[in-house]
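Engineer: My structure is below; once you've seen it, I'll send some questions.
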Amino acid sequence: MEKLLFSAVTGALGPVLGKLGALLGEEYKLVKEVRGKIMFLEAEVEAMHAFLLKMSRVEEPDEQARCWMKDVRELSYDIHNSIDDFMLRVDNGESGKPKGFKGFIKRSVDLLTKTKTRRRIGKEVRSLETLVKEVAERRGRYKIDDNVSKASNATVDPRVCAMYKDLSELVGIAGPTAELVNLLNSGVAGAPLQQLKVVSIVGFGGLGKTTLARHVYDTHGKEFHYRAFVSVSRNPDVVMVLRSILMQVGYHGPLPKDAQCLIDAMSTFLHDKRYFIVVDDVWDVQTWNIIKCAFSKSSCSSRIITTTRVSEVAKACSISYGGDVYNLRPLSIVDSEWLFLQRIFGSPKECPPHLKRVSDKILKKCGGLPLAIISISGLLATNSEEDQWEQVQKSIGHGLGSNPGVEGMMRILSFSYFDLSPCLKSCLLYLSVFPEDADIWKDDLVRRWIWEGIIPEENGQTLYELGEVCFNELINRSLIHPTRRMSDGKVMSFRVHDLILDFVIAKSKEQNFVTLLGVPGVNPDPQMKARRLSLQSGCKIPTGLDLSKARSLVCFGVSFNMPSLLVLKNLRVLEFYECPELEDHHVADIGNLCHLKHLRFERTGITKFPEQIVELKFLETLEIFTRGGEEGFVIPSTLCQLQRLTHLVIPECTILPDEIGSMQALQVLEGINVFPQSSIFCQQLGQLTNLRTLRIQYQEYDVCDNIEGNIKETVSSICKLAKTNLYDLYVSGGYGRDSLFDAFNIEDFLDESCLFALQGLRTLDFDCHVAPRRIPTSMSLLANLQALSIMMLVINQEGMEILGGLPALRRLSLDVEKAGPEGGQIRISSLCGFHSLTNFRIGSYNCILRFIFEAGSMPKLQTLRFIFSETDQLDFGIQHLSSLTYMSCYCRGANGANTRQQLMDPIEREIEVHPNNPTLEWTLG
């Protein structure tokens with residue numbers, strides 16, 4: 001249902017069509033004249049919507065067409081706001097009306113009010129009709145070439161995804177790696193080898209400086225016990241850079257708040273240590289001159305790598321320590337061809353002959369720029385038609401071969417952009433909201449896309465699942481780059497390359513999709529109305545900028561100029577990230593945001609909400625990731641009157657109102673600390689029959705009047721919820737003073753009656769210090785369980801066989817101190833079950849591991865993680881895991897070289913003979 005989306009291409013035309021249709025329904029009882037005008041608006045908006053979709057595939061429409069497209073998008077948002085205001089006025093007062101004579105008076109007043117409101121919408125519709133006619137008349141003046149690019153509906157070849165397995169697999173990196181390591185290992189000119197040395201990598205954007213530095217850091221850097229990798233960026237926060245280095249190298253003292261104290265602390269801490277630090281993306285000498293003060297010229301053979309696009313900066317970084325400058329070169333023709341064809345076909349030898357000639361032309365224009373090659377290969381990965389390849393080749397800027405800089409790259413990115421669907425265009429442009437070099441969590445991004453209304457609905461899939469499809473498409477097209485992955489390979493977080501971000505910002509500004517404040521070199525057009533606002537550190541609100549029509553506001557960092565909420569009455573989304581200067585008085589007028597649907601606070605100075613929160617009748621999401629001081633974060637009792645709230649996340653110190661049971665729309669409830677809540681709250685928790693995800697804690701707290709009663713009531717409520725819609729349950733706690741947890745027993749959740757009630761769960765996660773003694777036989781009742789995580793002292797053969805009998809179990813994490821009996825082993829065979837398991841983690845930092853896989857065991861297992869400190873085994877039977885592709889081992893307590901080798905050798909031998917050649921990663925503590 002593409003037409004129902006908000007879009008960078010069509011603005012709010014899609015949602016407007018849906019709302020115009022709603023206004024024609026019986027609910028609003030509009031007079032015949034107004035209905036006729038709305039039907040006219042609907043027809044015109046439909047035509048505009050179709051025309052904008054068509055024009056979105058034209059790479060370079062003329063200036064008149066651009067102006068018309070802009071006018072239509074701006075008009076669509078104004079229409080949408082007008083309709084929303086009307087619907088809000090009509091809907092207000094429908095519930096909670098008094099009865100009797102007072103009720104009669106109230107209903108009479110409402111009738112008069114609604115009559116006036118319907119007359120007012122008649123006037124507004126007539127005004128909108130005039131504006132629509134004016135814009136529609138301009139459309140006929142523009143002639144758009146019908147020969148537009150065809151949008152590809154094919155899925156991206158999954159072989160392209162395999163190229164992200166490991167940085168070491170990237171073509172052309174071996175030579176530069178060896179050269180860079182040689183520079184690092186060579187002696188400093190006129191000084192002993194033990195002196196600190198700095199090597200600076202220099203090259204233009206997209207050449208792979210960060211990739212090379214990261215690869216050397218991950219390989220050569222393992223020889224150093226103290227390591228850090230930090231990004232500086234164009235608008236650096238030096239304090240944050242220094243704090244990040246200190247935390248990464250293992251400094252455990254209090255972190256100073258100013259640069260000078262941080263420099264003193266770092267210099268003292270690192271003085272007698274051998275360290276390896278990468279300072280990525282240095283843009284100016286002044287910034288480096290501050291950072292370098294923290295690095296003393298010690299004699300511990302420490303090494304630093306810097307990366308930069310500016311030759312003068314590279315020289316300044318290295319000259320202070322008699323270091324070297326490494327000029328990174330573009331890929332050779334051979335390496336460029338290998339990278340290009342490998343990503344498209346899986347092997348350079350698989351390229352069809354009819355595409356060889358045009359591929360040579362494309363590579364020549366890419367000029368050895370890896371980012372350009374990767375972008376174009378992602379574009380062509382699903383297309384083997386020669387004419388389409390020729391079209392791509394002709395669309396690449398003519399100047400790229402001689403000047404492989406930003407301009408040529410922008411042209412390549414532009415073509416990749418125009419090949420995206422309208423939905424993906426919006427998803428990509430939304431990335432302009434985030435600050436440069438931000439490490440962005442996938443879950444947060446996908447939910448933002450949903451909040452902004454840019455993910456299309458389809459039958460059979462949730463909006464989140466559809467958002468993941470869009471996210472993976474951007475990954476496959478190399479438009480965003482993963483930074484963290486889960487054990488099963490799924491991306492957890494990512495970054496946007498600087499060149500891509502530059503393009504996205506420029507395109508977003510052109511279409512007035514996001515208005516950025518606080519970004520150097522990016523100035524908003526004061527004649528445009530801000531629709532989505534991103535406020536970044538140090539920003540100021542320009543005089544004359546119209547914020548009254550903004551639909552969303554997201555704030556990053558400190559020292560920003562917070563606009564008054566009285567001005568932002570049209571907000572639907574409001575978010576704050578890392579804003580310690582945001583205080584209670586800044587949200588005092590939050591009740592004015594009558595359209596607000598999504599509200600998030602992450603690490604702010606807010607300690608309580610005003611009573612005005614009750615006015616947010618359309619609020620669906622409230623997320624608070626912050627601590628409100630010693631007395632906890634204060635939420636007023638009026639919260640329970642928000643009948644549309646579906647998603648509530650709070651800090652653990654928060655006490656929620658007793659009337660929680662009235663919030664029947666809640667589907668997600670996270671952060672609940674059971675101990676400080678009232679017994680009434682614990683009882684009413686069981687009335688939330690639509691709850692799908694519950695995350696509770698049993699944590700130390702000062703107010704604990706009835707711990708035992710709260711625990712029993714909470715377990716009872718959870719059992720009730722599991723019989724309705726509860727799918728995901730997370731329980732943590734048991735950490736703190738022992739006296740507080742005498743009544744807490746995780747086995748309250750594991751008796752037969754409770755497990756019988758929980759048999760509908762999909763996810764069960766117990767992260768509790770008070771561990772169960774055994775796996776109960778009745779756990780076999782959890783036939784629908786797909787993911788289980790549990791902490792216990794010992795796992796034995798019987799317990800493993802009980803878990804193996806869970807037919808749907810795909811992910812299993814066992815945090816145990818002993819895995820297997822003294823002098824024996826837990827033996828996993830085909831008879832033990834685990835027929836659906838794909839991900840298995842077992843052990844703990846102090847675990848004694850006695851475990852063996854027999855032939856036919858865990859037939860679908862792809863990822864295996866061992867965490868242990870001791871084992872007396874020489875054979876784990878890893879070769880019997882027929883689907884294994886990845887294994888990691890964390891071994892703690894292996895101090896001597898011989899001990900370490902004794903632990904590593906058996907597992908490494910098994911991996912070497914495994915037919916899948918799985919990846920093996922070691923971490924030795």
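Each chain in the structure tokens gets a letter, A, B, ..., in the order shown, and its residues are numbered from 1; ligands are numbered from 1 in order too.
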Output as a PyMOL selection string all residues of region 430-637 of chain A that backbone DSSP marks as helix (DSSP H, G or I).
Structural biologist: chain A and resi 430-433+442-451+463-476+498-510+584-587+590-592+611-615+637
Engineer: Can you pull out the residues contacting Ile826 (chain A)? Cut-off 7 Å, using only C-alpha atoms, and skip same-chain residues under 4 positions away; I want them as a compact mmCIF listing (two decimals) with N, CA and C atoms, in the first residue's frame.
Structural biologist:
```txt
# COMPACT_ATOMS: atom_id res chain seq x y z
N ASN A 796 23.50 -30.83 33.73
CA ASN A 796 23.89 -32.23 33.62
C ASN A 796 23.23 -32.87 32.40
N GLN A 797 23.47 -34.17 32.23
CA GLN A 797 22.95 -34.89 31.06
C GLN A 797 21.43 -34.83 31.00
N GLY A 820 28.86 -30.56 32.84
CA GLY A 820 29.30 -31.95 32.80
C GLY A 820 29.75 -32.44 34.16
N ARG A 850 32.97 -29.74 30.26
CA ARG A 850 33.12 -31.16 29.91
C ARG A 850 31.95 -31.53 29.01
N PHE A 851 32.18 -31.52 27.71
CA PHE A 851 31.09 -31.50 26.76
C PHE A 851 31.55 -32.16 25.47
N ILE A 852 30.71 -33.01 24.86
CA ILE A 852 31.10 -33.60 23.58
C ILE A 852 29.87 -33.77 22.69
```
Engineer: Compare A:Asp765, A:Asn846, A:Leu755, A:Ala665 by their minimum atom-to-atom distance to Thr777 (chain A), counting only C-alpha atoms, and give me the closest one.
Structural biologist: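 Counting only C-alpha atoms, the residue closest to Thr777 (chain A) is A:Leu755.
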Engineer: Residues within 9 Å of Ile907 (chain A), please, as a short mmCIF file (atom, residue, chain, number, x, y, z; two decimals) with N, CA and C atoms, in the first residue's frame. Count only C-alpha atoms; anything in the same chain fewer than 2 positions from it doesn't count.
Structural biologist:
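Here's the written file part_3.cif:
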```
data_model
loop_
_atom_site.label_atom_id
_atom_site.label_comp_id
_atom_site.auth_asym_id
_atom_site.auth_seq_id
_atom_site.Cartn_x
_atom_site.Cartn_y
_atom_site.Cartn_z
N LEU A 874 40.32 -33.22 25.19
CA LEU A 874 41.10 -33.05 23.96
C LEU A 874 40.21 -33.20 22.73
N ASP A 875 38.93 -33.51 22.94
CA ASP A 875 38.02 -33.73 21.81
C ASP A 875 36.62 -33.29 22.23
N PHE A 876 36.07 -32.31 21.47
CA PHE A 876 34.70 -31.85 21.73
C PHE A 876 33.71 -32.37 20.69
N ILE A 878 33.44 -31.37 17.62
CA ILE A 878 32.93 -30.24 16.83
C ILE A 878 32.73 -30.63 15.36
N LEU A 903 44.83 -25.39 25.72
CA LEU A 903 43.39 -25.16 25.58
C LEU A 903 42.99 -24.93 24.13
N MET A 904 43.82 -24.25 23.40
CA MET A 904 43.48 -23.85 22.04
C MET A 904 43.67 -24.97 21.02
N ASP A 905 44.74 -25.74 21.18
CA ASP A 905 45.10 -26.73 20.16
C ASP A 905 43.98 -27.72 19.83
N ARG A 909 42.33 -27.88 16.06
CA ARG A 909 42.47 -29.07 15.21
C ARG A 909 41.12 -29.54 14.69
N GLU A 910 40.10 -29.48 15.55
CA GLU A 910 38.77 -29.90 15.12
C GLU A 910 38.20 -28.96 14.06
N ILE A 911 38.45 -27.67 14.21
CA ILE A 911 37.98 -26.70 13.22
C ILE A 911 38.68 -26.92 11.89
N GLU A 912 39.98 -27.22 11.92
CA GLU A 912 40.75 -27.40 10.69
C GLU A 912 40.22 -28.54 9.84
#
```
Engineer: Just the strand (DSSP E) stuff from region 580-684 of chain A, please, per backbone DSSP, written as a list of chain:residue names.
Structural biologist: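 Of region 580-684 of chain A, only A:His598, A:Leu599, A:Arg600, A:Phe601, A:Glu602, A:Arg603, A:Thr604, A:Thr621, A:Leu622, A:Glu623, A:Ile624, A:Phe625, A:His647, A:Leu648, A:Val649, A:Val668, A:Leu669, A:Glu670, A:Gly671, A:Ile672, A:Asn673 fall in strand (DSSP E).
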Engineer: Mind checking which residues fall within 6 Å of region 67-84 of chain A, counting only C-alpha atoms, ignoring those fewer than 5 positions away in the same chain, and posting them as a PyMOL selection string?
Structural biologist: chain A and resi 10-13+16
Engineer: Quick check, in Å to one decimal: how far apart do CA of Thr919 (chain A) and CA of Leu861 (chain A) lie?
Structural biologist: 13.8 Å
Engineer: Quick one: which region 182-217 of chain A residues come within 12 Å of region 279-290 of chain A, and what is the nearest atom pair for each with the distance in Å to one decimal, counting only C-alpha atoms, rows ordered by chain and ascending number, as CSV?
Structural biologist:
```
residue,atom,partner,partner_atom,distance
A:Val198,CA,A:Val279,CA,10.2
A:Val199,CA,A:Val279,CA,10.5
A:Ser200,CA,A:Val279,CA,9.3
A:Ile201,CA,A:Asp280,CA,9.3
A:Val202,CA,A:Asp281,CA,9.5
A:Gly203,CA,A:Asp281,CA,10.6
A:Phe204,CA,A:Asp281,CA,10.9
A:Gly205,CA,A:Asp281,CA,9.8
A:Gly206,CA,A:Asp281,CA,11.7
A:Gly208,CA,A:Asp281,CA,11.4
A:Lys209,CA,A:Asp280,CA,8.5
A:Thr210,CA,A:Asp280,CA,6.7
A:Thr211,CA,A:Asp280,CA,10.2
A:Leu212,CA,A:Asp280,CA,10.8
A:Ala213,CA,A:Asp280,CA,8.0
A:Arg214,CA,A:Asp280,CA,9.2
A:Tyr217,CA,A:Val279,CA,10.9
```
Engineer: Could you please take those selected residues and save N, CA and C atoms as a CSV table (one decimal), in the first residue's frame?
Structural biologist:
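Result went into out24.csv, see below:
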```csv
chain,number,residue,atom,x,y,z
A,198,VAL,N,54.0,7.3,15.4
A,198,VAL,CA,52.7,7.6,14.7
A,198,VAL,C,52.8,7.4,13.2
A,199,VAL,N,51.9,6.6,12.6
A,199,VAL,CA,51.8,6.5,11.2
A,199,VAL,C,50.5,7.1,10.8
A,200,SER,N,50.5,8.0,9.8
A,200,SER,CA,49.2,8.6,9.4
A,200,SER,C,48.9,8.2,8.0
A,201,ILE,N,47.6,7.6,7.8
A,201,ILE,CA,47.1,7.2,6.5
A,201,ILE,C,46.4,8.4,5.9
A,202,VAL,N,46.7,8.7,4.7
A,202,VAL,CA,46.1,9.9,4.0
A,202,VAL,C,45.5,9.4,2.7
A,203,GLY,N,44.4,10.0,2.3
A,203,GLY,CA,43.7,9.7,1.1
A,203,GLY,C,42.3,10.3,1.0
A,204,PHE,N,41.8,10.4,-0.2
A,204,PHE,CA,40.4,11.0,-0.3
A,204,PHE,C,39.3,10.1,0.2
A,205,GLY,N,38.2,10.7,0.5
A,205,GLY,CA,37.1,10.0,1.0
A,205,GLY,C,36.6,8.8,0.2
A,206,GLY,N,36.3,7.7,0.8
A,206,GLY,CA,35.9,6.5,0.1
A,206,GLY,C,37.0,5.6,-0.4
A,208,GLY,N,39.2,3.9,1.5
A,208,GLY,CA,39.4,2.8,2.4
A,208,GLY,C,40.3,3.0,3.5
A,209,LYS,N,40.5,4.2,4.0
A,209,LYS,CA,41.5,4.5,5.0
A,209,LYS,C,41.0,3.9,6.3
A,210,THR,N,39.8,4.0,6.7
A,210,THR,CA,39.2,3.5,7.9
A,210,THR,C,39.2,1.9,7.9
A,211,THR,N,38.9,1.4,6.7
A,211,THR,CA,38.9,-0.1,6.6
A,211,THR,C,40.3,-0.6,6.8
A,212,LEU,N,41.3,0.0,6.2
A,212,LEU,CA,42.7,-0.5,6.4
A,212,LEU,C,43.1,-0.3,7.9
A,213,ALA,N,42.8,0.8,8.5
A,213,ALA,CA,43.2,1.0,9.9
A,213,ALA,C,42.5,0.0,10.8
A,214,ARG,N,41.3,-0.2,10.5
A,214,ARG,CA,40.5,-1.2,11.3
A,214,ARG,C,41.1,-2.6,11.2
A,217,TYR,N,44.3,-2.8,13.1
A,217,TYR,CA,43.9,-2.7,14.5
A,217,TYR,C,43.5,-4.1,15.0
```
Engineer: Which of these residues is nearest to Thr714 (chain A), using only C-alpha atoms: A:Ser359, A:Asn690, A:Cys754, A:Gly804?
Structural biologist: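 Comparing A:Ser359, A:Asn690, A:Cys754, A:Gly804 against Thr714 (chain A), the winner is A:Cys754.
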Engineer: When distances are computed from only C-alpha atoms, which of A:Leu645, A:Val668, A:Leu183, A:Ile173 shows the smallest separation from Pro330 (chain A)?
Structural biologist: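 Looking at the shortest contact to Pro330 (chain A), the residue is A:Ile173.
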Engineer: Show which residues sit within 12 Å of Phe513 (chain A), as a PyMOL selection string. Count only C-alpha atoms, and ignore same-chain residues fewer than 2 positions away.
Structural biologist: chain A and resi 6-12+70+73-74+77+425-433+452+454+504-511+515-516+524+528-534+550-552
Engineer: Hey, which of A:Ile344, A:Leu339, A:Ile775, A:Leu582 ends up closest to Arg603 (chain A)? Count only C-alpha atoms.
Structural biologist: A:Leu582
Engineer: Quick one: everything within 12 Å of Thr626 (chain A), counting only C-alpha atoms, minus sequence neighbours fewer than 6 positions away in the same chain. Send it as a PDB file with N, CA and C atoms, in the first residue's frame.
Structural biologist:
```pdb
ATOM      1  N   PHE A 576      15.028  12.737  22.505  1.00  0.00           N
ATOM      2  CA  PHE A 576      16.226  13.388  23.034  1.00  0.00           C
ATOM      3  C   PHE A 576      17.280  12.313  23.318  1.00  0.00           C
ATOM      4  N   TYR A 577      18.498  12.533  22.795  1.00  0.00           N
ATOM      5  CA  TYR A 577      19.603  11.588  22.987  1.00  0.00           C
ATOM      6  C   TYR A 577      20.814  12.325  23.556  1.00  0.00           C
ATOM      7  N   GLU A 578      21.352  11.794  24.653  1.00  0.00           N
ATOM      8  CA  GLU A 578      22.559  12.366  25.246  1.00  0.00           C
ATOM      9  C   GLU A 578      22.407  13.878  25.464  1.00  0.00           C
ATOM     10  N   CYS A 579      21.338  14.261  26.144  1.00  0.00           N
ATOM     11  CA  CYS A 579      21.041  15.678  26.374  1.00  0.00           C
ATOM     12  C   CYS A 579      20.985  15.947  27.882  1.00  0.00           C
ATOM     13  N   PRO A 580      22.121  15.958  28.579  1.00  0.00           N
ATOM     14  CA  PRO A 580      22.106  16.152  30.038  1.00  0.00           C
ATOM     15  C   PRO A 580      21.599  17.517  30.461  1.00  0.00           C
ATOM     16  N   LEU A 582      18.987  18.959  29.265  1.00  0.00           N
ATOM     17  CA  LEU A 582      17.527  18.991  29.185  1.00  0.00           C
ATOM     18  C   LEU A 582      16.956  18.727  30.570  1.00  0.00           C
ATOM     19  N   GLU A 583      16.190  19.660  31.091  1.00  0.00           N
ATOM     20  CA  GLU A 583      15.668  19.545  32.443  1.00  0.00           C
ATOM     21  C   GLU A 583      14.147  19.607  32.450  1.00  0.00           C
ATOM     22  N   ARG A 600      10.579   9.883  23.453  1.00  0.00           N
ATOM     23  CA  ARG A 600      11.741   9.118  23.935  1.00  0.00           C
ATOM     24  C   ARG A 600      12.750  10.050  24.601  1.00  0.00           C
ATOM     25  N   PHE A 601      13.252   9.640  25.765  1.00  0.00           N
ATOM     26  CA  PHE A 601      14.316  10.348  26.476  1.00  0.00           C
ATOM     27  C   PHE A 601      15.437   9.348  26.758  1.00  0.00           C
ATOM     28  N   GLU A 602      16.636   9.651  26.297  1.00  0.00           N
ATOM     29  CA  GLU A 602      17.777   8.776  26.549  1.00  0.00           C
ATOM     30  C   GLU A 602      18.927   9.596  27.123  1.00  0.00           C
ATOM     31  N   ARG A 603      19.255   9.313  28.377  1.00  0.00           N
ATOM     32  CA  ARG A 603      20.338   9.980  29.098  1.00  0.00           C
ATOM     33  C   ARG A 603      20.185  11.501  29.060  1.00  0.00           C
ATOM     34  N   THR A 604      19.112  11.969  29.678  1.00  0.00           N
ATOM     35  CA  THR A 604      18.841  13.399  29.801  1.00  0.00           C
ATOM     36  C   THR A 604      18.843  13.788  31.273  1.00  0.00           C
ATOM     37  N   GLY A 605      18.592  15.068  31.552  1.00  0.00           N
ATOM     38  CA  GLY A 605      18.508  15.547  32.922  1.00  0.00           C
ATOM     39  C   GLY A 605      17.091  15.551  33.462  1.00  0.00           C
ATOM     40  N   ILE A 606      16.143  14.976  32.742  1.00  0.00           N
ATOM     41  CA  ILE A 606      14.746  14.936  33.175  1.00  0.00           C
ATOM     42  C   ILE A 606      14.604  14.005  34.382  1.00  0.00           C
ATOM     43  N   THR A 607      13.871  14.442  35.403  1.00  0.00           N
ATOM     44  CA  THR A 607      13.639  13.617  36.595  1.00  0.00           C
ATOM     45  C   THR A 607      12.164  13.271  36.804  1.00  0.00           C
ATOM     46  N   LYS A 608      11.262  14.015  36.173  1.00  0.00           N
ATOM     47  CA  LYS A 608       9.841  13.731  36.360  1.00  0.00           C
ATOM     48  C   LYS A 608       9.045  14.301  35.198  1.00  0.00           C
ATOM     49  N   GLY A 632      14.437   8.361  42.268  1.00  0.00           N
ATOM     50  CA  GLY A 632      13.805   7.685  41.144  1.00  0.00           C
ATOM     51  C   GLY A 632      13.135   8.649  40.195  1.00  0.00           C
ATOM     52  N   PHE A 633      12.801   8.153  39.030  1.00  0.00           N
ATOM     53  CA  PHE A 633      12.112   8.937  38.022  1.00  0.00           C
ATOM     54  C   PHE A 633      10.625   8.964  38.361  1.00  0.00           C
ATOM     55  N   VAL A 634      10.038  10.135  38.340  1.00  0.00           N
ATOM     56  CA  VAL A 634       8.651  10.301  38.788  1.00  0.00           C
ATOM     57  C   VAL A 634       7.711  10.390  37.594  1.00  0.00           C
ATOM     58  N   VAL A 649       8.627   1.958  28.199  1.00  0.00           N
ATOM     59  CA  VAL A 649       9.938   1.561  28.723  1.00  0.00           C
ATOM     60  C   VAL A 649      10.352   2.601  29.753  1.00  0.00           C
ATOM     61  N   ILE A 650      10.711   2.161  30.950  1.00  0.00           N
ATOM     62  CA  ILE A 650      11.029   3.088  32.040  1.00  0.00           C
ATOM     63  C   ILE A 650      12.340   2.684  32.709  1.00  0.00           C
ATOM     64  N   PRO A 651      12.986   3.618  33.440  1.00  0.00           N
ATOM     65  CA  PRO A 651      14.164   3.248  34.235  1.00  0.00           C
ATOM     66  C   PRO A 651      13.753   2.369  35.410  1.00  0.00           C
ATOM     67  N   GLU A 652      14.707   1.565  35.909  1.00  0.00           N
ATOM     68  CA  GLU A 652      14.383   0.603  36.962  1.00  0.00           C
ATOM     69  C   GLU A 652      13.980   1.267  38.270  1.00  0.00           C
ATOM     70  N   CYS A 653      14.340   2.543  38.465  1.00  0.00           N
ATOM     71  CA  CYS A 653      14.031   3.209  39.724  1.00  0.00           C
ATOM     72  C   CYS A 653      12.627   3.825  39.735  1.00  0.00           C
ATOM     73  N   THR A 654      11.862   3.617  38.687  1.00  0.00           N
ATOM     74  CA  THR A 654      10.565   4.274  38.543  1.00  0.00           C
ATOM     75  C   THR A 654       9.458   3.494  39.246  1.00  0.00           C
ATOM     76  N   GLY A 671      11.444  -2.569  31.928  1.00  0.00           N
ATOM     77  CA  GLY A 671      12.140  -1.792  32.948  1.00  0.00           C
ATOM     78  C   GLY A 671      11.501  -1.857  34.319  1.00  0.00           C
TER      79      GLY A 671
END
```
Engineer: Quick one: everything within 12 Å of His595 (chain A), counting only C-alpha atoms, minus sequence neighbours fewer than 2 positions away in the same chain. Send it as JSON, numbers by chain.
Structural biologist: {"A": [81, 83, 84, 85, 86, 87, 88, 89, 92, 549, 550, 551, 552, 568, 569, 570, 571, 572, 573, 574, 590, 591, 592, 593, 597, 598, 599, 615, 616, 617, 618, 619, 620]}
